[in-house]
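Heads up, start_31.cif below (mmCIF, C-alpha atoms):
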data_input
loop_
_atom_site.group_PDB
_atom_site.id
_atom_site.type_symbol
_atom_site.label_atom_id
_atom_site.label_comp_id
_atom_site.auth_asym_id
_atom_site.auth_seq_id
_atom_site.Cartn_x
_atom_site.Cartn_y
_atom_site.Cartn_z
ATOM 1 C CA MET A 1 26.249 20.024 -19.967
ATOM 2 C CA SER A 2 26.841 19.687 -16.251
ATOM 3 C CA ALA A 3 24.961 19.316 -12.980
ATOM 4 C CA ILE A 4 22.278 21.977 -12.452
ATOM 5 C CA LEU A 5 22.347 21.416 -8.689
ATOM 6 C CA LYS A 6 24.996 20.178 -6.254
ATOM 7 C CA ILE A 7 24.473 19.618 -2.542
ATOM 8 C CA ASN A 8 27.045 18.998 0.173
ATOM 9 C CA ASN A 9 25.712 19.011 3.710
ATOM 10 C CA PRO A 10 27.576 18.798 7.040
ATOM 11 C CA GLY A 11 26.259 15.309 7.674
ATOM 12 C CA GLY A 12 28.372 13.910 4.858
ATOM 13 C CA LEU A 13 25.816 13.715 2.065
ATOM 14 C CA SER A 14 26.759 14.740 -1.465
ATOM 15 C CA ALA A 15 24.004 14.964 -4.041
ATOM 16 C CA GLY A 16 23.382 16.356 -7.487
ATOM 17 C CA VAL A 17 20.823 16.775 -10.238
ATOM 18 C CA TRP A 18 21.406 16.617 -13.997
ATOM 19 C CA GLU A 19 18.962 18.084 -16.511
ATOM 20 C CA ILE A 20 19.049 16.287 -19.841
ATOM 21 C CA THR A 21 19.486 18.883 -22.574
ATOM 22 C CA GLU A 22 22.058 16.995 -24.660
ATOM 23 C CA THR A 23 21.600 14.751 -27.654
ATOM 24 C CA TYR A 24 22.014 11.029 -27.119
ATOM 25 C CA GLN A 25 25.478 11.090 -28.686
ATOM 26 C CA GLU A 26 26.601 14.041 -26.556
ATOM 27 C CA LEU A 27 25.415 12.410 -23.367
ATOM 28 C CA GLU A 28 27.059 9.101 -24.205
ATOM 29 C CA HIS A 29 30.339 10.936 -24.799
ATOM 30 C CA ILE A 30 30.110 12.758 -21.453
ATOM 31 C CA ALA A 31 29.273 9.561 -19.567
ATOM 32 C CA THR A 32 32.459 7.794 -20.798
ATOM 33 C CA LEU A 33 31.266 4.201 -20.591
ATOM 34 C CA ASN A 34 33.386 1.091 -20.365
ATOM 35 C CA ALA A 35 32.707 -1.985 -22.522
ATOM 36 C CA ASP A 36 30.411 -3.701 -19.994
ATOM 37 C CA GLU A 37 28.415 -0.511 -19.484
ATOM 38 C CA LYS A 38 27.939 -0.124 -23.234
ATOM 39 C CA LYS A 39 26.481 -3.639 -23.371
ATOM 40 C CA GLN A 40 24.127 -2.807 -20.518
ATOM 41 C CA LEU A 41 23.080 0.428 -22.214
ATOM 42 C CA ASP A 42 22.352 -1.428 -25.446
ATOM 43 C CA SER A 43 19.968 -3.730 -23.560
ATOM 44 C CA PHE A 44 17.556 -0.850 -22.905
ATOM 45 C CA LYS A 45 14.984 -0.458 -25.671
ATOM 46 C CA ASN A 46 13.360 2.728 -24.370
ATOM 47 C CA GLU A 47 15.318 5.812 -25.441
ATOM 48 C CA SER A 48 14.152 7.905 -22.488
ATOM 49 C CA ARG A 49 15.405 5.210 -20.106
ATOM 50 C CA ARG A 50 18.736 5.118 -21.946
ATOM 51 C CA MET A 51 19.117 8.882 -21.649
ATOM 52 C CA GLN A 52 18.356 8.812 -17.926
ATOM 53 C CA TRP A 53 20.834 5.959 -17.427
ATOM 54 C CA LEU A 54 23.528 7.948 -19.218
ATOM 55 C CA ALA A 55 22.713 11.100 -17.260
ATOM 56 C CA VAL A 56 23.298 9.275 -13.968
ATOM 57 C CA ARG A 57 26.800 8.248 -15.117
ATOM 58 C CA ALA A 58 27.541 11.706 -16.476
ATOM 59 C CA LEU A 59 26.493 13.227 -13.156
ATOM 60 C CA LEU A 60 28.564 10.753 -11.158
ATOM 61 C CA ASN A 61 31.645 11.806 -13.141
ATOM 62 C CA GLU A 62 31.382 15.181 -11.407
ATOM 63 C CA PHE A 63 31.565 13.638 -7.937
ATOM 64 C CA ILE A 64 33.996 10.710 -8.101
ATOM 65 C CA SER A 65 36.998 10.308 -10.390
ATOM 66 C CA PRO A 66 37.639 7.781 -11.734
ATOM 67 C CA ARG A 67 33.942 6.975 -11.810
ATOM 68 C CA PRO A 68 33.146 3.658 -10.106
ATOM 69 C CA THR A 69 30.957 1.085 -11.828
ATOM 70 C CA ILE A 70 27.335 0.902 -10.681
ATOM 71 C CA ALA A 71 25.829 -2.549 -10.146
ATOM 72 C CA TYR A 72 22.408 -3.564 -8.846
ATOM 73 C CA LYS A 73 21.320 -6.037 -6.201
ATOM 74 C CA GLU A 74 18.410 -8.430 -6.772
ATOM 75 C CA ASN A 75 16.030 -5.960 -5.125
ATOM 76 C CA GLY A 76 17.156 -3.226 -7.538
ATOM 77 C CA LYS A 77 19.259 -1.289 -5.033
ATOM 78 C CA PRO A 78 22.360 0.254 -6.673
ATOM 79 C CA TYR A 79 25.873 -0.125 -5.304
ATOM 80 C CA PHE A 80 29.449 0.334 -6.480
ATOM 81 C CA LEU A 81 31.537 -2.645 -7.552
ATOM 82 C CA ASN A 82 34.844 -0.943 -6.793
ATOM 83 C CA ASN A 83 34.085 1.724 -4.187
ATOM 84 C CA ASN A 84 32.695 1.616 -0.633
ATOM 85 C CA THR A 85 30.654 4.809 -1.028
ATOM 86 C CA HIS A 86 26.889 4.291 -0.754
ATOM 87 C CA ILE A 87 24.722 5.560 -3.607
ATOM 88 C CA SER A 88 21.062 6.313 -4.231
ATOM 89 C CA ILE A 89 19.686 7.033 -7.707
ATOM 90 C CA SER A 90 16.514 8.591 -9.084
ATOM 91 C CA HIS A 91 15.276 9.873 -12.420
ATOM 92 C CA SER A 92 12.058 11.355 -13.747
ATOM 93 C CA GLY A 93 11.463 12.910 -17.147
ATOM 94 C CA LYS A 94 14.409 15.141 -18.007
ATOM 95 C CA LEU A 95 16.073 14.983 -14.581
ATOM 96 C CA ALA A 96 18.452 12.448 -13.039
ATOM 97 C CA ALA A 97 19.662 12.620 -9.437
ATOM 98 C CA ILE A 98 22.179 10.840 -7.228
ATOM 99 C CA ALA A 99 23.027 10.939 -3.525
ATOM 100 C CA LEU A 100 26.321 9.702 -2.079
ATOM 101 C CA HIS A 101 27.481 8.997 1.470
ATOM 102 C CA THR A 102 30.566 7.231 2.783
ATOM 103 C CA ASN A 103 28.993 5.861 5.984
ATOM 104 C CA ILE A 104 25.234 5.384 5.650
ATOM 105 C CA ASN A 105 22.659 4.515 3.013
ATOM 106 C CA PRO A 106 21.384 7.807 1.580
ATOM 107 C CA GLY A 107 18.089 8.278 -0.190
ATOM 108 C CA ILE A 108 17.099 10.623 -3.002
ATOM 109 C CA ASP A 109 14.042 10.892 -5.213
ATOM 110 C CA VAL A 110 13.017 13.310 -7.958
ATOM 111 C CA GLU A 111 9.435 13.447 -9.226
ATOM 112 C CA GLU A 112 7.589 15.535 -11.763
ATOM 113 C CA ALA A 113 4.506 17.137 -10.202
ATOM 114 C CA HIS A 114 1.652 15.704 -12.280
ATOM 115 C CA PRO A 115 -2.090 15.482 -11.489
ATOM 116 C CA LYS A 116 -2.087 11.734 -12.217
ATOM 117 C CA ILE A 117 -0.647 11.206 -8.730
ATOM 118 C CA ASN A 118 -4.050 12.221 -7.270
ATOM 119 C CA LYS A 119 -5.567 8.998 -8.628
ATOM 120 C CA ILE A 120 -3.199 6.754 -6.694
ATOM 121 C CA ALA A 121 -2.996 8.755 -3.443
ATOM 122 C CA HIS A 122 -5.001 6.081 -1.601
ATOM 123 C CA ARG A 123 -2.150 3.645 -2.193
ATOM 124 C CA PHE A 124 0.497 5.565 -0.254
ATOM 125 C CA VAL A 125 -1.141 8.283 1.894
ATOM 126 C CA ASN A 126 -2.322 7.292 5.380
ATOM 127 C CA GLU A 127 -4.994 8.971 7.523
ATOM 128 C CA THR A 128 -2.498 11.117 9.450
ATOM 129 C CA GLU A 129 -1.098 12.597 6.232
ATOM 130 C CA MET A 130 -4.522 12.962 4.652
ATOM 131 C CA ALA A 131 -5.563 15.206 7.537
ATOM 132 C CA TYR A 132 -3.053 17.948 6.667
ATOM 133 C CA LEU A 133 -3.474 17.974 2.877
ATOM 134 C CA ASN A 134 -4.633 21.209 1.267
ATOM 135 C CA GLN A 135 -6.852 20.928 -1.798
ATOM 136 C CA LYS A 136 -5.305 24.049 -3.358
ATOM 137 C CA THR A 137 -1.839 22.479 -3.426
ATOM 138 C CA LEU A 138 -2.879 18.825 -3.369
ATOM 139 C CA THR A 139 -0.888 17.589 -6.362
ATOM 140 C CA GLU A 140 2.428 18.996 -5.195
ATOM 141 C CA GLN A 141 1.878 17.889 -1.610
ATOM 142 C CA LEU A 142 1.148 14.358 -2.774
ATOM 143 C CA CYS A 143 4.272 14.461 -4.901
ATOM 144 C CA VAL A 144 6.373 15.455 -1.874
ATOM 145 C CA ILE A 145 4.873 12.681 0.264
ATOM 146 C CA TRP A 146 5.473 10.079 -2.445
ATOM 147 C CA ALA A 147 9.057 11.241 -3.004
ATOM 148 C CA ALA A 148 9.740 11.315 0.750
ATOM 149 C CA LYS A 149 8.485 7.769 1.147
ATOM 150 C CA GLU A 150 10.600 6.647 -1.799
ATOM 151 C CA VAL A 151 13.599 8.173 -0.023
ATOM 152 C CA LEU A 152 12.760 6.388 3.238
ATOM 153 C CA TYR A 153 12.372 3.106 1.379
ATOM 154 C CA LYS A 154 15.750 3.538 -0.309
ATOM 155 C CA THR A 155 17.551 3.941 3.022
ATOM 156 C CA GLN A 156 16.696 0.348 3.904
ATOM 157 C CA LEU A 157 18.951 -2.468 2.782
ATOM 158 C CA GLU A 158 16.184 -5.015 2.420
ATOM 159 C CA GLY A 159 12.730 -6.014 3.534
ATOM 160 C CA MET A 160 9.274 -5.084 2.372
ATOM 161 C CA LEU A 161 7.708 -1.844 3.585
ATOM 162 C CA SER A 162 4.162 -0.604 3.092
ATOM 163 C CA PHE A 163 4.048 3.039 2.041
ATOM 164 C CA ARG A 164 0.806 3.483 4.022
ATOM 165 C CA GLN A 165 1.506 1.347 7.085
ATOM 166 C CA ASN A 166 5.266 1.600 7.645
ATOM 167 C CA LEU A 167 6.251 5.014 6.255
ATOM 168 C CA PHE A 168 5.076 8.360 7.618
ATOM 169 C CA VAL A 169 5.725 11.961 6.562
ATOM 170 C CA SER A 170 5.136 14.794 9.015
ATOM 171 C CA ARG A 171 3.339 18.012 8.134
ATOM 172 C CA PHE A 172 5.562 20.288 6.047
ATOM 173 C CA ALA A 173 5.623 23.793 4.576
ATOM 174 C CA LEU A 174 5.311 23.766 0.792
ATOM 175 C CA THR A 175 8.050 26.224 -0.193
ATOM 176 C CA ASN A 176 10.974 26.247 -2.614
ATOM 177 C CA TYR A 177 13.031 24.596 0.128
ATOM 178 C CA CYS A 178 11.735 22.933 3.255
ATOM 179 C CA GLU A 179 12.793 20.328 5.770
ATOM 180 C CA LEU A 180 10.503 17.547 6.918
ATOM 181 C CA LYS A 181 10.505 14.500 9.143
ATOM 182 C CA GLY A 182 10.131 11.003 7.785
ATOM 183 C CA THR A 183 9.474 8.021 10.045
ATOM 184 C CA ILE A 184 9.782 4.285 9.503
ATOM 185 C CA ILE A 185 7.847 2.026 11.882
ATOM 186 C CA LYS A 186 8.556 -1.659 11.429
ATOM 187 C CA ASP A 187 8.519 -4.636 13.805
ATOM 188 C CA GLY A 188 7.904 -2.306 16.747
ATOM 189 C CA ILE A 189 10.978 -0.186 15.937
ATOM 190 C CA THR A 190 10.635 3.516 15.089
ATOM 191 C CA THR A 191 13.359 5.253 13.094
ATOM 192 C CA VAL A 192 13.183 8.980 12.323
ATOM 193 C CA TYR A 193 14.908 10.639 9.377
ATOM 194 C CA LYS A 194 15.474 14.289 8.598
ATOM 195 C CA LEU A 195 14.667 15.014 4.963
ATOM 196 C CA ALA A 196 14.972 18.049 2.715
ATOM 197 C CA CYS A 197 12.715 19.002 -0.169
ATOM 198 C CA GLN A 198 13.455 21.393 -3.039
ATOM 199 C CA ARG A 199 11.636 22.527 -6.145
ATOM 200 C CA VAL A 200 13.833 22.037 -9.225
ATOM 201 C CA ASN A 201 12.550 23.184 -12.621
ATOM 202 C CA GLY A 202 9.004 21.962 -12.112
ATOM 203 C CA TYR A 203 10.063 18.808 -10.270
ATOM 204 C CA VAL A 204 10.158 17.906 -6.586
ATOM 205 C CA LEU A 205 13.480 16.705 -5.140
ATOM 206 C CA VAL A 206 13.627 15.003 -1.723
ATOM 207 C CA TYR A 207 16.743 13.611 -0.071
ATOM 208 C CA THR A 208 18.132 12.544 3.302
ATOM 209 C CA VAL A 209 19.939 15.222 5.303
#
Step by step, read the file and then write its structure as structure tokens.
Amino acid sequence: MSAILKINNPGGLSAGVWEITETYQELEHIATLNADEKKQLDSFKNESRRMQWLAVRALLNEFISPRPTIAYKENGKPYFLNNNTHISISHSGKLAAIALHTNINPGIDVEEAHPKINKIAHRFVNETEMAYLNQKTLTEQLCVIWAAKEVLYKTQLEGMLSFRQNLFVSRFALTNYCELKGTIIKDGITTVYKLACQRVNGYVLVYTV
């Protein structure tokens, strides 16, 4: 009933992962919602989505007290109503993850490694990335690339980005922990990000470093 992973790096990023093992009632109690949050929670019809939403708030309680209220911009990007800290959120299956930074927009993404990602690889993998893929570990590599590009996308305040044409992931070593380079090329401007990737209970976690 607490974070299964906490990260604090020298660059100022704080991040964590919560594994949902609680009942709905237990998780709602841990999250400690205010009246407006309870109304928002009640608007979700899918129970899995409700559990993930609660897990994010429960996890945030372990990083900031009192917990600030999360709101969402029109493009879906989360932010705090009453705190200047920047936040990034992700959830997949039984895991929920957050990344926090006081100065810059962080990015975090957690994905369950599932073969179904092979069917959509053409939508987000470019020729440079395709050249280094290994058939023996294809599913997990694709999962890392997708998660890394989600992270890069989340660092941007606004604007449309093509996962194939604007976002690039350098060759990486597929280990329990690895560092990789992510690049955004848009309007003739190239921005490079250092990313980290970890395996967490059958999932892939990628975040800005």
> Rounded to one decimal in Å, what is the spacing between atom CA of Ser14 of chain A and atom CA of His101 of chain A?
Replying inline: 6.5 Å
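Between atom CA of Val17 of chain A and atom CA of Ile98 of chain A there is a distance of 6.8 Å.
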>> the PyMOL selection byres ((chain A and resi 9) around 12) - which residues does that actually catch in the file I just gave you? List them as a PyMOL selection string.
In response: chain A and resi 6-8+10-16+99-101+195-196+207-209
> Can you list what the PyMOL selection byres ((chain A and resi 197) around 9) grabs from this structure, as a PyMOL selection string?
Replying inline: chain A and resi 144+148+174-180+195-196+198-199+204-207
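Applied to the file shown here, the PyMOL selection byres ((chain A and resi 118) around 10) selects the residues His114, Pro115, Lys116, Ile117, Lys119, Ile120, Ala121, His122, Leu138, Thr139, Glu140, Gln141, Leu142 and Cys143 of chain A.
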>> Residues within 12 Å of Lys77 of chain A, please, as a PyMOL selection string. Count only C-alpha atoms; anything in the same chain fewer than 3 positions from it doesn't count.
In response: chain A and resi 70-74+80+86-90+105-107+153-159
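Straight-line separation from atom CA of Pro66 of chain A to atom CA of Asn34 of chain A: 11.7 Å.
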Once 8 Å is added on each side, what are the centre and the three edge lengths, in Å to one decimal, of the axis-aligned box enclosing the listed atoms of segment 115-128 of chain A? Present them as lines of an AutoDock Vina configuration file.
center_x = -2.5
center_y = 9.6
center_z = -1.4
size_x = 22.1
size_y = 27.8
size_z = 37.7
>> Which residues are close to Thr183 of chain A, i.e. within 12 Å by all atoms listed in the file, leaving aside same-chain residues fewer than 2 positions away? Reply as a PyMOL selection string.
In response: chain A and resi 145+148-153+155+161+163-171+180-181+185-186+189-195+208
> Of the residues A:Ile30, A:Ala131, A:Ser92, A:Met1, which is the one nearest to Glu111 of chain A, using all atoms listed in the file?
Replying inline: A:Ser92
